[in-house]
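To start, the structure under review is shown below, and the notes come after it.
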Amino acid sequence: MSDTLTRSPGRSDRPAVRPPRAAGLLNRSPAVRVAIKRVLQAVPVVWGATFITFCLMNLLPGNAAVALLGDDATPEQVAALSARLNLDEPFLVRYLQWLGNALTGDLGNSLQNNEPVTAILGRALPVSLELVVLAFALALLVAVPTAVVAAKRPGGFADRIGMQISMFGLSVPNFVFALVLVLVFAVGLRVLPAVGYVPIGQGLGPNLRAMILPATAIAFALFCEYTRVLRADIVDQMLREDYITTARAKGVGSWQVLVRHALRNSVFSLLTIVGLQFGALIGSTVIIEQMFGLPGMGQGLLQGINNRDIPVVQAYVVVMACFVVGANLVTDLLYAVLDPRIRHGRPAA
Amino acid sequence: MTTQIQPDAAARTGDPDAPLLTIENLEVTFRTRDAPVHAVRGVDLTVYAGQTLAVIGESGSGKTVTSRAVMGLLPRTASVRGSIRLGDRQMVGLGEKELRKCLGREVGMIFQDPARSLNPTMRIGSQLTEAIRVHLPLDRRQARERAVELLAMVRLPAPARRFHEYPHQLSGGMRQRVMIAIALACQPRLLIADEATTALDVTTQAQIMDLLLDLQQRFAMGLVLISHDMGLAASYADQVAVMYAGRVVERAPTREMIAHVRMPYTRALLDATPRLERPPHAPLPVISGRPPDLRALDPGCAFAPRCSRVRERCRQERPELAEHQPRHEWACFFPCADDTIPGEDER
């Protein structure tokens, strides 16, 4: 402030002092800037998640030694095993040990069976990832056309049917819907397996046959939500935006106006929720994985918690936190790809 | 470069003296939750090739609704009655497919805010070629050529480069030039400019108007200027129609209108235009009161509550628009005399 006050008017035409060029890394293209920012933000997020999880695991009654030895073990046996598993060290010491190892890339071994945690993750992550990706792909594949058809005539027949279905879908929990799917396709029609997992290694066909029911069960609620959000956004655009009127005044057909102009500008709100949910959904599909006997992350996490297997739980938490941050990063980058105003470094209007 | 854009519009109209656009007894009503809004109440307008008609009025006078009715761009809640003939085609009740063939081809339109009337996520070029290829049987490359030519025609600097740019990379004036290029992409015979220069600064405004008039002459187009700005009408239009509360209240050739204003509302509009001749800081005359509620109009003249010349008859009976002098129509029982200055002739 004093600078402005004391500056003599004669010197005001002097060029302003340039900011130091040390910020060179952040002066790159907006996409790089976003990526760097997100990765830097990821550090406290992932660290915080692991610390809180570690605290919570310690607050739970019992420890891995109790879980391993069962209810009949004597206190001496438990104490001995606890000492062997390093569980008798103070809480903070154990956390720092874990953190130090994790930073060097060593996530430790399972307390339950001494298997490296990375190996456990390596088995579970692909299953969950495939399940979630498949669910999102299915949901979007159906939601986008449904939303477009519904938005073509707001209040019309297709719109009302679509909105009824999606309201229904939002109010039914996915495990209920999963049971219906199993009843119809596995028990009734006998076309798909009710439980079991087939790795992709044994052929894409059998793998997809095993995954399609659980993926559909998860996809249904997502589909309903996306349809509603996208439809509302398109209808809003069609009513309010001047460029829609411009397109109509060109003589462009109403479907083309909807798809080329309205849908294109409506994907942003959809993208935002997809990004948020994608990160959150990895590992939170416990119930569906249990129902369909899929050896995914949800199942692994549940077992880890029951066994008080801190290294396993911690590793899952790290992966899940990374996915949340990663999904946000991809969302931000997609924004830049889809919106030229962001790509060229200007804020969207 | 081959010039595809030829001034052939005049050749396309069979009879050069036949009106391009004839609006007769147009009525537009909007359904709303409470009472229906009767936005346009029996409007007659005629536009000839090569002629500029200015439709002037304040917000809610029905000028924009009238222009949207011509384009069939009113929302579903609107019901349109009366007749809108574009050439010899009746636009009222036209099916969607037929309407689409007309829009862009027979009649083009530009809008108030060029920042909003272009799609922010599409390149200028695609928005322009879209307008071309909807109507003309050109392939991608030919459409591109024509698009660049159109951009040059609206005097956009570096048209070939602009083709690949996005709207946000252009200034307001340049965006409006792009809008003009889009509207003229298929050489319509009629161009409707709805407050096309309102959002622009004064110098840009003049450039855009000069460009519009220039193109109008070149292609012998009919031009409808929708505006609230009497000054703009006075400088650029051949004919002025003043609208109030959904009706035309005065209409005359521009020169006649400016020299012999009859309708007190027009007088007030003219007086509310800032002028350089006035001494600085002189209070600008304003029209007191607000435009009437179109849901419930009194039986008398709609302007009566705000009129300085109002008498008892004005509140009881509505004056019809009539040609009281050759080519000069007005709707007023007690029109202004030639040198009337409002406020000085009060009883």
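Ordered as shown in the structure tokens, chains take letters A, B, and onward, while each chain numbers its residues from 1 and ligands are numbered from 1 in the order shown.
For chain B, the residues close to chain A, meaning within 6 Å and counting only C-alpha atoms, are Arg100, Leu103, Gly104, Arg116, Ser117, Leu118, Asn119, Thr121 and Ala131 of chain B.
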Residues near region 256-262 of chain B, cut-off 9 Å, only C-alpha atoms, skip fewer than 6 positions along chain, as number ranges by chain:
B: 234, 239-240, 250, 270, 327-332, 334-340
Write the residues of the preceding selection, restricted to all heavy atoms, as a compact mmCIF listing (two decimals), in the first residue's frame.
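Writing the result to again15.txt gives the following:
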# COMPACT_ATOMS: atom_id res chain seq x y z
N ALA B 234 -32.51 6.63 -36.73
CA ALA B 234 -32.45 7.86 -37.50
C ALA B 234 -31.28 7.85 -38.47
O ALA B 234 -31.36 8.34 -39.59
CB ALA B 234 -32.34 9.05 -36.55
N GLN B 239 -37.10 3.36 -42.97
CA GLN B 239 -38.46 3.44 -42.44
C GLN B 239 -38.38 3.10 -40.96
O GLN B 239 -37.59 2.24 -40.57
CB GLN B 239 -39.32 2.42 -43.17
CG GLN B 239 -40.71 2.25 -42.66
CD GLN B 239 -41.73 2.80 -43.64
OE1 GLN B 239 -41.39 3.15 -44.76
NE2 GLN B 239 -42.98 2.91 -43.22
N VAL B 240 -39.19 3.78 -40.15
CA VAL B 240 -39.17 3.50 -38.72
C VAL B 240 -40.57 3.11 -38.27
O VAL B 240 -41.55 3.75 -38.66
CB VAL B 240 -38.69 4.73 -37.91
CG1 VAL B 240 -38.73 4.43 -36.41
CG2 VAL B 240 -37.30 5.15 -38.34
N GLU B 250 -46.52 4.25 -34.24
CA GLU B 250 -46.24 5.27 -35.24
C GLU B 250 -45.32 4.68 -36.29
O GLU B 250 -44.41 3.91 -35.95
CB GLU B 250 -45.59 6.51 -34.61
CG GLU B 250 -45.33 7.61 -35.64
CD GLU B 250 -45.06 8.98 -35.02
OE1 GLU B 250 -44.81 9.02 -33.81
OE2 GLU B 250 -45.11 9.98 -35.75
N LEU B 270 -37.36 10.08 -28.57
CA LEU B 270 -36.37 10.94 -29.23
C LEU B 270 -35.71 11.86 -28.22
O LEU B 270 -34.50 12.07 -28.24
CB LEU B 270 -37.05 11.78 -30.31
CG LEU B 270 -37.00 11.24 -31.73
CD1 LEU B 270 -37.83 12.12 -32.63
CD2 LEU B 270 -35.56 11.19 -32.21
N ARG B 327 -48.10 8.49 -46.08
CA ARG B 327 -47.01 7.63 -45.65
C ARG B 327 -46.62 7.84 -44.17
O ARG B 327 -45.57 7.40 -43.75
CB ARG B 327 -45.77 7.82 -46.54
CG ARG B 327 -46.07 7.60 -48.02
CD ARG B 327 -44.83 7.61 -48.84
NE ARG B 327 -43.93 6.54 -48.48
CZ ARG B 327 -42.61 6.60 -48.61
NH1 ARG B 327 -42.04 7.68 -49.08
NH2 ARG B 327 -41.86 5.60 -48.28
N HIS B 328 -47.44 8.50 -43.43
CA HIS B 328 -47.15 8.68 -42.00
C HIS B 328 -48.36 8.23 -41.19
O HIS B 328 -49.42 8.82 -41.24
CB HIS B 328 -46.82 10.16 -41.70
CG HIS B 328 -46.21 10.35 -40.35
ND1 HIS B 328 -45.43 11.42 -40.05
CD2 HIS B 328 -46.25 9.61 -39.22
CE1 HIS B 328 -45.01 11.33 -38.79
NE2 HIS B 328 -45.52 10.23 -38.28
N GLU B 329 -48.15 7.13 -40.45
CA GLU B 329 -49.25 6.59 -39.65
C GLU B 329 -48.96 6.83 -38.17
O GLU B 329 -47.81 6.73 -37.76
CB GLU B 329 -49.39 5.08 -39.87
CG GLU B 329 -49.73 4.68 -41.28
CD GLU B 329 -49.33 3.23 -41.51
OE1 GLU B 329 -48.17 2.98 -41.86
OE2 GLU B 329 -50.18 2.36 -41.30
N TRP B 330 -49.98 7.10 -37.41
CA TRP B 330 -49.80 7.12 -35.98
C TRP B 330 -51.10 6.73 -35.29
O TRP B 330 -52.15 6.75 -35.90
CB TRP B 330 -49.30 8.47 -35.50
CG TRP B 330 -50.20 9.65 -35.71
CD1 TRP B 330 -51.27 10.01 -34.95
CD2 TRP B 330 -50.11 10.61 -36.77
NE1 TRP B 330 -51.84 11.14 -35.46
CE2 TRP B 330 -51.15 11.54 -36.57
CE3 TRP B 330 -49.23 10.79 -37.85
CZ2 TRP B 330 -51.36 12.63 -37.43
CZ3 TRP B 330 -49.43 11.88 -38.69
CH2 TRP B 330 -50.49 12.78 -38.47
N ALA B 331 -50.98 6.39 -34.03
CA ALA B 331 -52.15 5.98 -33.25
C ALA B 331 -52.26 6.90 -32.06
O ALA B 331 -51.72 6.62 -30.99
CB ALA B 331 -52.01 4.53 -32.80
N CYS B 332 -52.90 8.07 -32.27
CA CYS B 332 -53.01 9.03 -31.18
C CYS B 332 -54.14 9.99 -31.49
O CYS B 332 -54.32 10.41 -32.63
CB CYS B 332 -51.69 9.81 -31.03
SG CYS B 332 -51.70 10.93 -29.62
N PHE B 334 -54.46 12.92 -29.91
CA PHE B 334 -53.97 14.29 -29.75
C PHE B 334 -52.49 14.35 -30.10
O PHE B 334 -51.63 14.52 -29.23
CB PHE B 334 -54.21 14.76 -28.31
CG PHE B 334 -55.61 14.55 -27.86
CD1 PHE B 334 -55.96 13.50 -27.02
CD2 PHE B 334 -56.62 15.40 -28.33
CE1 PHE B 334 -57.27 13.30 -26.63
CE2 PHE B 334 -57.94 15.19 -27.94
CZ PHE B 334 -58.27 14.14 -27.09
N PRO B 335 -52.17 14.18 -31.39
CA PRO B 335 -50.76 14.10 -31.78
C PRO B 335 -50.04 15.43 -31.55
O PRO B 335 -50.67 16.48 -31.47
CB PRO B 335 -50.83 13.77 -33.27
CG PRO B 335 -52.15 14.27 -33.71
CD PRO B 335 -53.08 14.08 -32.55
N CYS B 336 -48.72 15.32 -31.45
CA CYS B 336 -47.90 16.51 -31.26
C CYS B 336 -47.94 17.34 -32.54
O CYS B 336 -48.00 16.80 -33.65
CB CYS B 336 -46.45 16.14 -30.98
SG CYS B 336 -46.24 14.98 -29.65
N ALA B 337 -47.85 18.65 -32.38
CA ALA B 337 -47.68 19.51 -33.54
C ALA B 337 -46.20 19.49 -33.91
O ALA B 337 -45.39 18.91 -33.20
CB ALA B 337 -48.14 20.93 -33.21
N ASP B 338 -45.85 20.15 -35.02
CA ASP B 338 -44.50 20.00 -35.53
C ASP B 338 -43.41 20.42 -34.56
O ASP B 338 -42.36 19.81 -34.49
CB ASP B 338 -44.34 20.76 -36.85
CG ASP B 338 -44.69 19.84 -38.00
OD1 ASP B 338 -44.90 18.63 -37.72
OD2 ASP B 338 -44.77 20.31 -39.14
N ASP B 339 -43.65 21.53 -33.83
CA ASP B 339 -42.57 21.96 -32.94
C ASP B 339 -42.95 21.80 -31.48
O ASP B 339 -42.61 22.62 -30.64
CB ASP B 339 -42.15 23.40 -33.24
CG ASP B 339 -43.31 24.19 -33.74
OD1 ASP B 339 -43.79 23.84 -34.86
OD2 ASP B 339 -43.77 25.10 -33.08
N THR B 340 -43.66 20.75 -31.21
CA THR B 340 -44.04 20.53 -29.83
C THR B 340 -42.85 20.06 -29.02
O THR B 340 -42.11 19.18 -29.45
CB THR B 340 -45.11 19.44 -29.75
OG1 THR B 340 -46.15 19.79 -30.63
CG2 THR B 340 -45.65 19.32 -28.34
Can you tell me, as a VMD selection string, which residues in region 89-195 of chain B count as strand (DSSP E or B) by DSSP?
chain B and resid 89 to 90 103 107 to 110 190 to 194
Which residues come within 9 Å of Ala150 (chain A), counting only C-alpha atoms, excluding same-chain residues fewer than 5 positions away, as a VMD selection string?
chain A and resid 145 155 to 163 227 231
Find the residues near Gly108 (chain B): any atom within 6 Å, counting only C-alpha atoms, skip ones fewer than 5 places away on the same chain, and give them as a list in words.
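My list of contacting residues is Ala183, Pro188 and Leu191 of chain B.
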